[in-house]
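Printed here is start_33.pdb (PDB, C-alpha atoms):
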```pdb
ATOM      1  CA  VAL A1500      -9.912  -7.497  20.602
ATOM      2  CA  GLY A1501     -11.949  -5.092  18.491
ATOM      3  CA  SER A1502      -9.484  -3.665  15.982
ATOM      4  CA  PHE A1503     -12.060  -1.436  14.337
ATOM      5  CA  GLY A1504     -14.611  -0.814  17.041
ATOM      6  CA  LYS A1505     -16.501   1.932  18.812
ATOM      7  CA  GLY A1506     -14.591   4.946  17.500
ATOM      8  CA  GLU A1507     -11.781   4.865  20.072
ATOM      9  CA  LYS A1508      -8.563   6.621  19.061
ATOM     10  CA  GLN A1509      -6.437   3.638  20.115
ATOM     11  CA  ILE A1510      -6.749  -0.126  20.126
ATOM     12  CA  ARG A1511      -5.061  -2.526  22.517
ATOM     13  CA  CYS A1512      -3.864  -6.074  21.852
ATOM     14  CA  ASN A1513      -3.884  -8.933  24.357
ATOM     15  CA  ASN A1514      -0.338  -8.095  25.440
ATOM     16  CA  GLY A1515      -1.326  -4.548  26.352
ATOM     17  CA  HIS A1516       0.187  -2.891  23.277
ATOM     18  CA  LYS A1517      -1.609   0.240  22.154
ATOM     19  CA  VAL A1518      -1.894   1.174  18.484
ATOM     20  CA  ASP A1519      -3.207   4.479  17.164
ATOM     21  CA  LYS A1520      -6.181   3.817  14.917
ATOM     22  CA  LEU A1521      -4.727   6.155  12.293
ATOM     23  CA  LEU A1522      -2.347   3.261  11.622
ATOM     24  CA  VAL A1523      -5.357   1.519  10.116
ATOM     25  CA  THR A1524      -5.335   4.069   7.325
ATOM     26  CA  GLY A1525      -1.603   3.920   6.919
ATOM     27  CA  ASN A1526      -1.194   7.465   8.237
ATOM     28  CA  SER A1527       0.796   9.141  11.023
ATOM     29  CA  LYS A1528       1.472  12.701  12.129
ATOM     30  CA  ASP A1529       3.775  13.113   9.157
ATOM     31  CA  TYR A1530       1.225  11.547   6.822
ATOM     32  CA  PRO A1531      -1.912  13.715   7.062
ATOM     33  CA  GLN A1532      -5.030  11.641   6.657
ATOM     34  CA  LEU A1533      -5.818  11.282   2.990
ATOM     35  CA  GLU A1534      -9.263  12.781   2.741
ATOM     36  CA  GLN A1535     -11.754  12.991  -0.060
ATOM     37  CA  SER A1536     -12.675  16.578  -0.897
ATOM     38  CA  SER A1537     -16.104  17.643  -2.045
ATOM     39  CA  HIS A1538     -14.518  19.446  -4.991
ATOM     40  CA  GLU A1539     -14.376  17.640  -8.299
ATOM     41  CA  VAL A1540     -11.074  17.247 -10.106
ATOM     42  CA  SER A1541     -11.396  18.414 -13.684
ATOM     43  CA  ASP A1542      -9.890  16.261 -16.414
ATOM     44  CA  LEU A1543      -7.539  18.608 -18.276
ATOM     45  CA  SER A1544      -5.964  15.857 -20.294
ATOM     46  CA  GLY A1545      -8.993  15.091 -22.423
ATOM     47  CA  SER A1546      -7.862  11.488 -22.616
ATOM     48  CA  LYS A1547      -9.863   8.331 -22.205
ATOM     49  CA  PRO A1548      -8.181   5.309 -20.600
ATOM     50  CA  THR A1549      -7.415   2.441 -22.922
ATOM     51  CA  LYS A1550      -7.177   0.082 -19.942
ATOM     52  CA  ALA A1551     -10.271   0.043 -17.729
ATOM     53  CA  VAL A1552     -10.071  -0.141 -13.936
ATOM     54  CA  MET A1553     -11.894  -3.480 -13.952
ATOM     55  CA  ASP A1554      -9.107  -4.907 -16.105
ATOM     56  CA  LEU A1555      -6.582  -3.924 -13.426
ATOM     57  CA  ILE A1556      -8.371  -4.345 -10.121
ATOM     58  CA  ARG A1557      -7.415  -7.980  -9.483
ATOM     59  CA  GLY A1558      -3.770  -6.923  -9.426
ATOM     60  CA  VAL A1559      -4.456  -4.557  -6.514
ATOM     61  CA  VAL A1560      -4.177  -6.145  -3.065
ATOM     62  CA  LEU A1561      -5.290  -5.290   0.450
ATOM     63  CA  VAL A1562      -2.221  -5.197   2.712
ATOM     64  CA  GLY A1563      -2.803  -5.808   6.417
ATOM     65  CA  LEU A1564      -0.462  -5.823   9.400
ATOM     66  CA  TRP A1565      -1.312  -8.994  11.327
ATOM     67  CA  ASP A1566      -0.554  -9.047  15.056
ATOM     68  CA  ALA A1567      -0.131 -12.713  15.960
ATOM     69  CA  ASP A1568      -0.498 -11.957  19.685
ATOM     70  CA  ALA A1569      -3.792 -10.137  19.239
ATOM     71  CA  ASN A1570      -4.936 -12.378  16.342
ATOM     72  CA  ALA A1571      -6.074  -9.252  14.539
ATOM     73  CA  VAL A1572      -5.346  -6.962  11.611
ATOM     74  CA  ILE A1573      -4.125  -3.771  13.303
ATOM     75  CA  ALA A1574      -3.232  -1.671  10.240
ATOM     76  CA  ALA A1575      -4.311  -1.704   6.615
ATOM     77  CA  GLY A1576      -3.197  -0.200   3.325
ATOM     78  CA  SER A1577      -2.969  -1.132  -0.342
ATOM     79  CA  GLY A1578      -0.422  -2.553  -2.757
ATOM     80  CA  PHE A1579      -0.117  -4.374  -6.059
ATOM     81  CA  VAL A1580       1.331  -7.593  -7.427
ATOM     82  CA  VAL A1581       4.511  -6.734  -9.296
ATOM     83  CA  ASP A1582       5.810 -10.288  -9.953
ATOM     84  CA  LYS A1583       3.186 -13.037  -9.992
ATOM     85  CA  ASN A1584       5.643 -15.926 -10.365
ATOM     86  CA  ARG A1585       7.620 -14.903  -7.296
ATOM     87  CA  GLY A1586       4.600 -13.648  -5.365
ATOM     88  CA  LEU A1587       6.098 -10.171  -4.923
ATOM     89  CA  ILE A1588       4.026  -7.157  -3.885
ATOM     90  CA  VAL A1589       4.920  -3.453  -3.725
ATOM     91  CA  THR A1590       3.359  -1.436  -0.900
ATOM     92  CA  ALA A1591       4.018   1.633   1.259
ATOM     93  CA  SER A1592       6.515   1.074   4.059
ATOM     94  CA  HIS A1593       4.685   3.314   6.530
ATOM     95  CA  THR A1594       1.792   0.863   6.771
ATOM     96  CA  LEU A1595       4.151  -1.858   8.025
ATOM     97  CA  MET A1596       6.824   0.091   9.916
ATOM     98  CA  ASN A1597       7.588   3.446  11.516
ATOM     99  CA  ILE A1598       9.527   5.496   8.959
ATOM    100  CA  ASP A1599       8.972   9.041  10.248
ATOM    101  CA  GLY A1600      10.225   8.699  13.825
ATOM    102  CA  TYR A1601       7.071  10.205  15.350
ATOM    103  CA  GLU A1602       5.366   6.921  16.204
ATOM    104  CA  LYS A1603       6.005   5.257  19.558
ATOM    105  CA  THR A1604       6.934   2.021  17.810
ATOM    106  CA  PRO A1605      10.647   1.330  17.058
ATOM    107  CA  TYR A1606      11.961   3.297  14.081
ATOM    108  CA  GLY A1607      12.453   1.233  10.918
ATOM    109  CA  THR A1608      11.523  -2.046  12.607
ATOM    110  CA  ASN A1609       9.407  -4.445  10.580
ATOM    111  CA  TYR A1610       5.770  -4.751  11.641
ATOM    112  CA  HIS A1611       6.156  -1.805  14.046
ATOM    113  CA  GLY A1612       7.926  -4.156  16.448
ATOM    114  CA  TYR A1613       4.924  -6.413  16.976
ATOM    115  CA  ASN A1614       4.857 -10.178  16.586
ATOM    116  CA  GLY A1615       3.684  -9.433  13.102
ATOM    117  CA  ARG A1616       3.238 -10.728   9.602
ATOM    118  CA  VAL A1617       1.690  -9.327   6.457
ATOM    119  CA  VAL A1618      -1.766 -10.636   5.616
ATOM    120  CA  ILE A1619      -2.804 -10.139   2.006
ATOM    121  CA  GLY A1620      -6.275  -9.791   0.562
ATOM    122  CA  VAL A1621      -6.983 -10.494  -3.095
ATOM    123  CA  ILE A1622     -10.106 -10.242  -5.219
ATOM    124  CA  PRO A1623     -11.069 -13.864  -5.938
ATOM    125  CA  ARG A1624     -11.939 -15.129  -9.369
ATOM    126  CA  SER A1625     -13.032 -18.732  -9.770
ATOM    127  CA  LYS A1626     -12.519 -20.720 -12.959
ATOM    128  CA  GLY A1627     -15.422 -20.116 -15.313
ATOM    129  CA  GLU A1628     -16.798 -17.262 -13.189
ATOM    130  CA  THR A1629     -18.740 -14.705 -15.203
ATOM    131  CA  ASN A1630     -18.887 -11.915 -12.608
ATOM    132  CA  VAL A1631     -16.014  -9.765 -13.853
ATOM    133  CA  HIS A1632     -17.242  -6.806 -11.772
ATOM    134  CA  LYS A1633     -16.269  -8.296  -8.415
ATOM    135  CA  THR A1634     -14.235  -5.792  -6.372
ATOM    136  CA  THR A1635     -14.278  -7.196  -2.815
ATOM    137  CA  ALA A1636     -11.157  -8.902  -1.505
ATOM    138  CA  VAL A1637     -10.780 -11.881   0.804
ATOM    139  CA  PHE A1638      -7.747 -12.548   2.974
ATOM    140  CA  ARG A1639      -5.932 -15.462   1.328
ATOM    141  CA  TYR A1640      -2.196 -15.196   1.985
ATOM    142  CA  PHE A1641       0.427 -14.439   4.591
ATOM    143  CA  GLY A1642       3.659 -12.778   3.539
ATOM    144  CA  GLU A1643       6.854 -11.220   4.807
ATOM    145  CA  ILE A1644       8.823  -8.036   4.152
ATOM    146  CA  VAL A1645      11.862  -8.965   2.076
ATOM    147  CA  THR A1646      13.369  -5.577   1.141
ATOM    148  CA  LYS A1647      13.038  -1.998   2.370
ATOM    149  CA  ASP A1648      15.153   1.159   2.359
ATOM    150  CA  GLU A1649      18.444   0.119   3.976
ATOM    151  CA  ASN A1650      19.154   3.718   4.940
ATOM    152  CA  MET A1651      16.857   3.288   7.938
ATOM    153  CA  GLU A1652      19.260   0.833   9.548
ATOM    154  CA  GLU A1653      22.499   2.280   8.185
ATOM    155  CA  HIS A1654      21.873   6.023   8.547
ATOM    156  CA  GLY A1655      18.687   6.405  10.586
ATOM    157  CA  VAL A1656      16.742   7.972   7.740
ATOM    158  CA  CYS A1657      14.226   6.704   5.179
ATOM    159  CA  HIS A1658      14.370   7.980   1.593
ATOM    160  CA  VAL A1659      11.898   5.523   0.015
ATOM    161  CA  ASP A1660       8.405   4.923   1.410
ATOM    162  CA  ALA A1661       8.111   1.549  -0.296
ATOM    163  CA  CYS A1662       8.926  -2.044   0.529
ATOM    164  CA  ILE A1663       8.622  -5.404  -1.191
ATOM    165  CA  VAL A1664       6.501  -8.129   0.388
ATOM    166  CA  ARG A1665       6.729 -11.776  -0.655
ATOM    167  CA  ILE A1666       3.793 -14.159  -0.312
ATOM    168  CA  THR A1667       4.922 -17.141   1.772
ATOM    169  CA  THR A1668       1.816 -19.206   2.564
ATOM    170  CA  ARG A1669      -1.807 -19.625   1.536
ATOM    171  CA  ILE A1670      -4.441 -19.749   4.255
ATOM    172  CA  GLU A1671      -6.478 -22.946   3.959
ATOM    173  CA  ARG A1672      -9.827 -21.109   3.774
ATOM    174  CA  ASP A1673     -10.416 -17.588   2.461
ATOM    175  CA  VAL A1674     -11.312 -15.104   5.194
ATOM    176  CA  ASP A1675     -13.720 -12.183   5.002
ATOM    177  CA  GLY A1676     -14.886  -9.692   7.624
ATOM    178  CA  ASP A1677     -12.216  -8.056   9.776
ATOM    179  CA  GLY A1678      -9.699 -10.831   9.082
ATOM    180  CA  SER A1679      -9.839 -12.383  12.546
ATOM    181  CA  GLY A1680     -10.682 -15.718  10.905
ATOM    182  CA  CYS A1681      -7.059 -15.964   9.726
ATOM    183  CA  ALA A1682      -6.047 -17.036  13.231
ATOM    184  CA  GLY A1683      -5.202 -20.686  13.766
ATOM    185  CA  GLN A1684      -5.846 -21.846  10.217
ATOM    186  CA  PRO A1685      -3.570 -24.389   8.524
ATOM    187  CA  GLU A1686      -1.283 -22.812   5.928
ATOM    188  CA  ILE A1687      -0.024 -24.135   2.610
ATOM    189  CA  LEU A1688       3.623 -23.358   1.906
ATOM    190  CA  LEU A1689       4.297 -21.457  -1.348
ATOM    191  CA  ASN A1690       8.057 -21.785  -1.578
ATOM    192  CA  ASN A1691       8.879 -21.940  -5.290
ATOM    193  CA  LYS A1692       7.854 -20.429  -8.608
ATOM    194  CA  GLU A1693       6.019 -23.498  -9.867
ATOM    195  CA  VAL A1694       3.761 -23.572  -6.834
ATOM    196  CA  MET A1695       3.231 -19.815  -7.021
ATOM    197  CA  LYS A1696       2.234 -19.982 -10.687
ATOM    198  CA  GLY A1697      -0.671 -22.188  -9.641
ATOM    199  CA  GLU A1698      -2.108 -19.294  -7.629
ATOM    200  CA  LYS A1699      -2.779 -17.422 -10.892
ATOM    201  CA  LEU A1700      -2.088 -13.993  -9.457
ATOM    202  CA  LYS A1701      -2.558 -10.949 -11.677
ATOM    203  CA  ALA A1702       0.478  -8.671 -11.937
ATOM    204  CA  LEU A1703       0.395  -5.071 -13.119
ATOM    205  CA  LYS A1704       2.917  -3.639 -15.545
ATOM    206  CA  TYR A1705       4.986  -0.604 -14.602
ATOM    207  CA  THR A1706       6.894   2.189 -16.313
ATOM    208  CA  GLU A1707       9.319   4.939 -15.329
ATOM    209  CA  THR A1708       7.831   7.228 -17.996
ATOM    210  CA  TYR A1709       5.176   9.840 -17.202
ATOM    211  CA  GLN A1710       4.280  13.368 -18.309
ATOM    212  CA  VAL A1711       2.893  16.528 -16.743
ATOM    213  CA  GLU A1712      -0.917  16.731 -17.202
ATOM    214  CA  GLU A1713      -1.047  12.998 -17.840
ATOM    215  CA  HIS A1714      -4.330  11.398 -16.803
ATOM    216  CA  VAL A1715      -3.834   8.949 -13.897
ATOM    217  CA  ARG A1716      -5.852   6.830 -11.465
ATOM    218  CA  ILE A1717      -5.037   5.549  -7.982
ATOM    219  CA  LEU A1718      -6.483   2.173  -7.029
ATOM    220  CA  GLY A1719      -6.775   0.904  -3.480
ATOM    221  CA  TYR A1720      -8.828   0.004  -0.427
ATOM    222  CA  ASN A1721     -10.325   3.008   1.335
ATOM    223  CA  GLN A1722     -10.081   2.846   5.145
ATOM    224  CA  GLY A1723     -11.231   6.437   5.632
ATOM    225  CA  GLY A1724     -14.868   5.554   6.252
ATOM    226  CA  GLU A1725     -17.810   5.083   3.905
ATOM    227  CA  GLY A1726     -21.338   6.382   4.215
ATOM    228  CA  LEU A1727     -22.213   6.573   7.923
ATOM    229  CA  LEU A1728     -19.143   4.564   8.960
ATOM    230  CA  GLY A1729     -16.244   6.664  10.171
ATOM    231  CA  PRO A1730     -12.488   6.018   9.812
ATOM    232  CA  GLY A1731     -11.364   2.940  11.735
ATOM    233  CA  GLU A1732     -14.863   1.678  12.474
ATOM    234  CA  HIS A1733     -14.606  -1.264  10.113
ATOM    235  CA  LEU A1734     -12.089  -2.865   7.778
ATOM    236  CA  ASN A1735     -13.069  -2.153   4.192
ATOM    237  CA  ARG A1736     -12.242  -4.900   1.684
ATOM    238  CA  THR A1737     -13.829  -3.340  -1.414
ATOM    239  CA  ALA A1738     -11.470  -1.656  -3.862
ATOM    240  CA  ASP A1739     -12.165   1.699  -5.446
ATOM    241  CA  PHE A1740     -10.239   4.372  -7.340
ATOM    242  CA  SER A1741      -9.839   8.096  -7.858
ATOM    243  CA  VAL A1742      -8.922  10.090 -10.943
ATOM    244  CA  GLY A1743      -6.529  12.974 -11.462
ATOM    245  CA  GLN A1744      -3.404  14.238 -13.204
ATOM    246  CA  VAL A1745       0.349  14.458 -12.886
ATOM    247  CA  LEU A1746       1.430  17.936 -11.784
ATOM    248  CA  ARG A1747       5.208  17.826 -11.483
ATOM    249  CA  ASP A1748       8.341  16.123 -10.192
ATOM    250  CA  HIS A1749       9.339  16.956  -6.647
ATOM    251  CA  GLU A1750      13.014  16.633  -5.759
ATOM    252  CA  VAL A1751      14.594  17.945  -2.569
ATOM    253  CA  ASP A1752      18.292  18.763  -2.374
ATOM    254  CA  GLU A1753      20.482  17.973   0.617
ATOM    255  CA  GLU A1754      19.967  21.393   2.191
ATOM    256  CA  GLY A1755      16.209  20.991   1.964
ATOM    257  CA  ARG A1756      16.288  17.497   3.434
ATOM    258  CA  GLN A1757      18.300  18.718   6.419
ATOM    259  CA  LYS A1758      15.425  21.059   7.257
ATOM    260  CA  MET A1759      12.929  18.185   7.374
ATOM    261  CA  ARG A1760      12.184  17.184  10.959
ATOM    262  CA  SER A1761      10.743  13.814  10.007
ATOM    263  CA  GLY A1762      12.799  10.637   9.730
ATOM    264  CA  TYR A1763      11.315  10.294   6.238
ATOM    265  CA  LYS A1764      13.275  12.426   3.760
ATOM    266  CA  PRO A1765      12.306  11.515   0.173
ATOM    267  CA  LEU A1766      14.759  12.166  -2.632
ATOM    268  CA  LYS A1767      12.217  12.164  -5.447
ATOM    269  CA  GLU A1768       8.424  12.100  -5.657
ATOM    270  CA  ILE A1769       5.730  12.607  -8.278
ATOM    271  CA  VAL A1770       3.111  15.212  -7.384
ATOM    272  CA  VAL A1771      -0.427  14.418  -8.552
ATOM    273  CA  ARG A1772      -3.755  16.150  -8.064
ATOM    274  CA  LEU A1773      -6.600  13.839  -7.164
ATOM    275  CA  PRO A1774      -8.923  13.045  -4.270
ATOM    276  CA  SER A1775      -7.725  10.170  -2.124
ATOM    277  CA  ILE A1776      -8.588   8.569   1.186
ATOM    278  CA  GLY A1777      -6.692   6.846   3.991
ATOM    279  CA  GLY A1778      -6.039   3.206   3.149
ATOM    280  CA  HIS A1779      -5.071   4.005  -0.432
ATOM    281  CA  SER A1780      -1.470   4.337   0.790
ATOM    282  CA  GLY A1781       0.702   1.937  -1.197
ATOM    283  CA  GLY A1782      -1.908   1.652  -3.916
ATOM    284  CA  PRO A1783      -0.723   1.836  -7.545
ATOM    285  CA  CYS A1784      -1.100   5.003  -9.578
ATOM    286  CA  VAL A1785      -1.676   3.951 -13.192
ATOM    287  CA  ASN A1786      -1.751   5.795 -16.501
ATOM    288  CA  ASP A1787      -4.304   5.391 -19.280
ATOM    289  CA  GLN A1788      -2.530   2.262 -20.512
ATOM    290  CA  GLY A1789      -2.797   0.683 -17.053
ATOM    291  CA  ASP A1790       0.938   0.919 -16.335
ATOM    292  CA  VAL A1791       1.976   1.796 -12.775
ATOM    293  CA  ILE A1792       4.021   5.015 -12.529
ATOM    294  CA  GLY A1793       4.304   4.989  -8.719
ATOM    295  CA  ILE A1794       2.579   4.153  -5.443
ATOM    296  CA  LEU A1795       0.692   6.546  -3.198
ATOM    297  CA  CYS A1796       2.693   7.800  -0.230
ATOM    298  CA  ARG A1797       0.981  10.784   1.363
ATOM    299  CA  ALA A1798      -1.225  13.837   0.977
ATOM    300  CA  ASP A1799      -0.126  17.447   1.241
ATOM    301  CA  ARG A1800      -0.590  18.976   4.697
ATOM    302  CA  VAL A1801      -2.616  21.896   3.350
ATOM    303  CA  ASP A1802      -4.135  20.806   0.033
ATOM    304  CA  LYS A1803      -5.566  17.316   0.573
ATOM    305  CA  GLN A1804      -6.056  16.825  -3.168
ATOM    306  CA  ARG A1805      -2.341  17.282  -3.755
ATOM    307  CA  CYS A1806      -0.778  13.845  -3.259
ATOM    308  CA  TYR A1807       2.728  12.424  -3.530
ATOM    309  CA  LEU A1808       3.825   9.209  -5.204
ATOM    310  CA  VAL A1809       6.936   7.086  -4.781
ATOM    311  CA  PRO A1810       8.066   6.740  -8.427
ATOM    312  CA  VAL A1811       8.928   3.389  -9.982
ATOM    313  CA  SER A1812      12.561   4.492 -10.258
ATOM    314  CA  GLU A1813      12.788   4.815  -6.468
ATOM    315  CA  TRP A1814      11.567   1.316  -5.577
ATOM    316  CA  MET A1815      12.956  -0.524  -8.594
ATOM    317  CA  PRO A1816      16.283  -1.305  -6.804
ATOM    318  CA  LEU A1817      14.286  -2.917  -3.982
ATOM    319  CA  LEU A1818      12.432  -5.077  -6.480
ATOM    320  CA  GLU A1819      15.620  -6.176  -8.239
ATOM    321  CA  LYS A1820      17.179  -7.082  -4.901
ATOM    322  CA  SER A1821      14.095  -9.109  -3.951
ATOM    323  CA  LYS A1822      14.259 -11.090  -7.176
ATOM    324  CA  LYS A1823      17.881 -12.075  -6.473
ATOM    325  CA  ARG A1824      16.857 -13.655  -3.165
ATOM    326  CA  ASP A1825      15.233 -16.643  -4.888
TER
END
```
With the file now loaded, output its structure as structure tokens.
Amino acid sequence: VGSFGKGEKQIRCNNGHKVDKLLVTGNSKDYPQLEQSSHEVSDLSGSKPTKAVMDLIRGVVLVGLWDADANAVIAAGSGFVVDKNRGLIVTASHTLMNIDGYEKTPYGTNYHGYNGRVVIGVIPRSKGETNVHKTTAVFRYFGEIVTKDENMEEHGVCHVDACIVRITTRIERDVDGDGSGCAGQPEILLNNKEVMKGEKLKALKYTETYQVEEHVRILGYNQGGEGLLGPGEHLNRTADFSVGQVLRDHEVDEEGRQKMRSGYKPLKEIVVRLPSIGGHSGGPCVNDQGDVIGILCRADRVDKQRCYLVPVSEWMPLLEKSKKRD
């Protein structure tokens, strides 16, 4: 099965399931493809980051939806390690499930209803390695969704485009390429904190504090094409980032939410201006100090440089609930 081949609009697994290739970028009809504009974003803040991207990049992970029937990664987005001792990762829900109701897959069902798992790519760093500029991830872990917005099951609506994934096993040998090498490998169980500490994951700090005009950066794994390669033609495992600023809070009252046709009705978002690309969905948006203020959710339908974040305050209850499941 060629998950990223030949420019077709859909891919098919061995069981005959069809998946829209826009899933590979973590987008749907309600999530316009995050495109990079040719216009530069001016830095109005005048600030210089005190925490460089290369100091943060190992905490940013490649999040793939693994179809065990097709033995393939059928969707890809980004995320970050939020708790290294528990192996917890924050990512965008829409990469791993249908939250808008427009997709043909079951609404709110984990892994879009496929025989799925989460496969996680990390940027490797060997003991004593001097190449601190490495930015390409390898698939190393499998994980599972442990918490998501319960409103999907209870009320048929999603207010938070974020979920918490827990690393469960380590693949015996690191996998590169399109991830197909993950199939059939022995797995090492990572079922307690002591074992997880040995993995030496890098976690990013987070904060609920942010300001208008604050300088920010989004880190993630672009699946929108690079150079002569178009969207969906290959699985990109090299992290990059974009730069911009906080514009405003965006809160919608009950009357406004009732007018939304999508099954995704956010309560609160942070609006930022920056260029972004499909695949960055779920990636952390960090301030100059390197603290995460939210994760990327979607781009504006009209202005592709106007993007929306799920703030820390919105997914913090999911994280706290995940920690209590130890």
Exercise: Leu1595 in chain A partners within 12 Å, all atoms listed in the file, chain neighbours under 5 positions left out, as a PyMOL selection string: chain A and resi 1522-1527+1562-1566+1572-1578+1589-1590+1604-1618+1642-1644+1647+1660-1664+1780-1781
When the PyMOL selection byres ((chain A and resi 1683-1688) around 7) is applied to the file above, which residues end up in the set, as a PyMOL selection string? chain A and resi 1667-1671+1681-1682+1689-1690
Those same residues, written as a short mmCIF file (atom, residue, chain, number, x, y, z; two decimals), in the coordinates of the input with C-alpha atoms?
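Result file is part-v4.cif:
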```cif
data_model
loop_
_atom_site.label_atom_id
_atom_site.label_comp_id
_atom_site.auth_asym_id
_atom_site.auth_seq_id
_atom_site.Cartn_x
_atom_site.Cartn_y
_atom_site.Cartn_z
CA THR A 1667 4.92 -17.14 1.77
CA THR A 1668 1.82 -19.21 2.56
CA ARG A 1669 -1.81 -19.62 1.54
CA ILE A 1670 -4.44 -19.75 4.26
CA GLU A 1671 -6.48 -22.95 3.96
CA CYS A 1681 -7.06 -15.96 9.73
CA ALA A 1682 -6.05 -17.04 13.23
CA LEU A 1689 4.30 -21.46 -1.35
CA ASN A 1690 8.06 -21.78 -1.58
#
```
Mind pulling up the distance from CA of Asp1799 in chain A to CA of Phe1579 in chain A? 23.0 Å
Report, in Å to a single decimal, how far apart CA of Gln1744 in chain A and CA of Val1771 in chain A are.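 Here the two named atoms are 5.5 Å from each other.
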Which is closer to Thr1646 in chain A than all the others in A:Ala1591, A:Ala1551, A:Ile1622, A:Val1745, using all atoms listed in the file?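 For Thr1646 in chain A, the nearest of the given residues is A:Ala1591.
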Please indicate the distance in Å from CA of Leu1746 in chain A to CA of Thr1706 in chain A, rounded to one decimal place.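 Value for the CA of Leu1746 in chain A-CA of Thr1706 in chain A distance: 17.3 Å.
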Using the chain letters and numbers from this file, what does the PyMOL selection byres ((chain A and resi 1719-1724) around 8) select? Give the answer as number ranges by chain. A: 1523-1524, 1533-1534, 1559-1561, 1575-1578, 1717-1718, 1725-1740, 1776-1783
Pick the closest to Arg1639 in chain A from A:Lys1764, A:Lys1550, A:Arg1672, A:Lys1822: which is it, counting all atoms listed in the file?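 Residue with the minimum atom-to-atom distance to Arg1639 in chain A: A:Arg1672.
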Given the PyMOL selection byres ((chain A and resi 1655) around 12), the residues it picks as a PyMOL selection string: chain A and resi 1597-1600+1605-1608+1648-1654+1656-1658+1761-1764
Name the residues within 9 Å of (-10.0, -11.2, 8.5), counting only C-alpha atoms in the file's coordinates, and put them as a list in words. Ala1571, Val1572, Val1618, Gly1620, Val1637, Phe1638, Asp1673, Val1674, Asp1675, Gly1676, Asp1677, Gly1678, Ser1679, Gly1680, Cys1681, Ala1682 and Leu1734 of chain A
Find the residues with any atom within 10 Å of (5.7, 1.9, -12.0); use all atoms listed in the file and the coordinates as given in the file, and write the answer as a VMD selection string. chain A and resid 1581 1589 1703 to 1709 1783 to 1786 1789 to 1794 1809 to 1815
Quick one: of A:Leu1587, A:Val1751, A:Met1553, A:Pro1774, who's nearest to Lys1803 in chain A, counting all atoms listed in the file?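 Closest candidate: A:Pro1774.
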Your completed range 1724-1728 of chain A with all heavy atoms, as an mmCIF file, keeping the file's coordinate frame:
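Ended up saving to selection_0.cif:
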```cif
data_model
loop_
_atom_site.group_PDB
_atom_site.id
_atom_site.type_symbol
_atom_site.label_atom_id
_atom_site.label_comp_id
_atom_site.auth_asym_id
_atom_site.auth_seq_id
_atom_site.Cartn_x
_atom_site.Cartn_y
_atom_site.Cartn_z
ATOM 1 N N GLY A 1724 -13.441 5.484 5.956
ATOM 2 C CA GLY A 1724 -14.868 5.554 6.252
ATOM 3 C C GLY A 1724 -15.692 5.601 4.979
ATOM 4 O O GLY A 1724 -15.239 6.067 3.929
ATOM 5 N N GLU A 1725 -16.913 5.115 5.063
ATOM 6 C CA GLU A 1725 -17.810 5.083 3.905
ATOM 7 C C GLU A 1725 -19.231 5.249 4.406
ATOM 8 O O GLU A 1725 -19.655 4.576 5.356
ATOM 9 C CB GLU A 1725 -17.664 3.764 3.150
ATOM 10 C CG GLU A 1725 -18.415 3.710 1.824
ATOM 11 C CD GLU A 1725 -17.777 4.565 0.747
ATOM 12 O OE1 GLU A 1725 -16.583 4.376 0.455
ATOM 13 O OE2 GLU A 1725 -18.483 5.440 0.207
ATOM 14 N N GLY A 1726 -19.965 6.159 3.783
ATOM 15 C CA GLY A 1726 -21.338 6.382 4.215
ATOM 16 C C GLY A 1726 -21.380 6.887 5.650
ATOM 17 O O GLY A 1726 -20.745 7.882 5.997
ATOM 18 N N LEU A 1727 -22.082 6.182 6.521
ATOM 19 C CA LEU A 1727 -22.213 6.573 7.923
ATOM 20 C C LEU A 1727 -21.121 5.970 8.796
ATOM 21 O O LEU A 1727 -21.078 6.235 10.000
ATOM 22 C CB LEU A 1727 -23.594 6.160 8.457
ATOM 23 C CG LEU A 1727 -24.793 6.826 7.759
ATOM 24 C CD1 LEU A 1727 -26.095 6.307 8.352
ATOM 25 C CD2 LEU A 1727 -24.725 8.345 7.874
ATOM 26 N N LEU A 1728 -20.246 5.162 8.210
ATOM 27 C CA LEU A 1728 -19.143 4.564 8.960
ATOM 28 C C LEU A 1728 -17.935 5.485 8.925
ATOM 29 O O LEU A 1728 -17.494 5.909 7.859
ATOM 30 C CB LEU A 1728 -18.774 3.203 8.379
ATOM 31 C CG LEU A 1728 -19.804 2.081 8.582
ATOM 32 C CD1 LEU A 1728 -19.433 0.862 7.750
ATOM 33 C CD2 LEU A 1728 -19.897 1.701 10.051
#
```
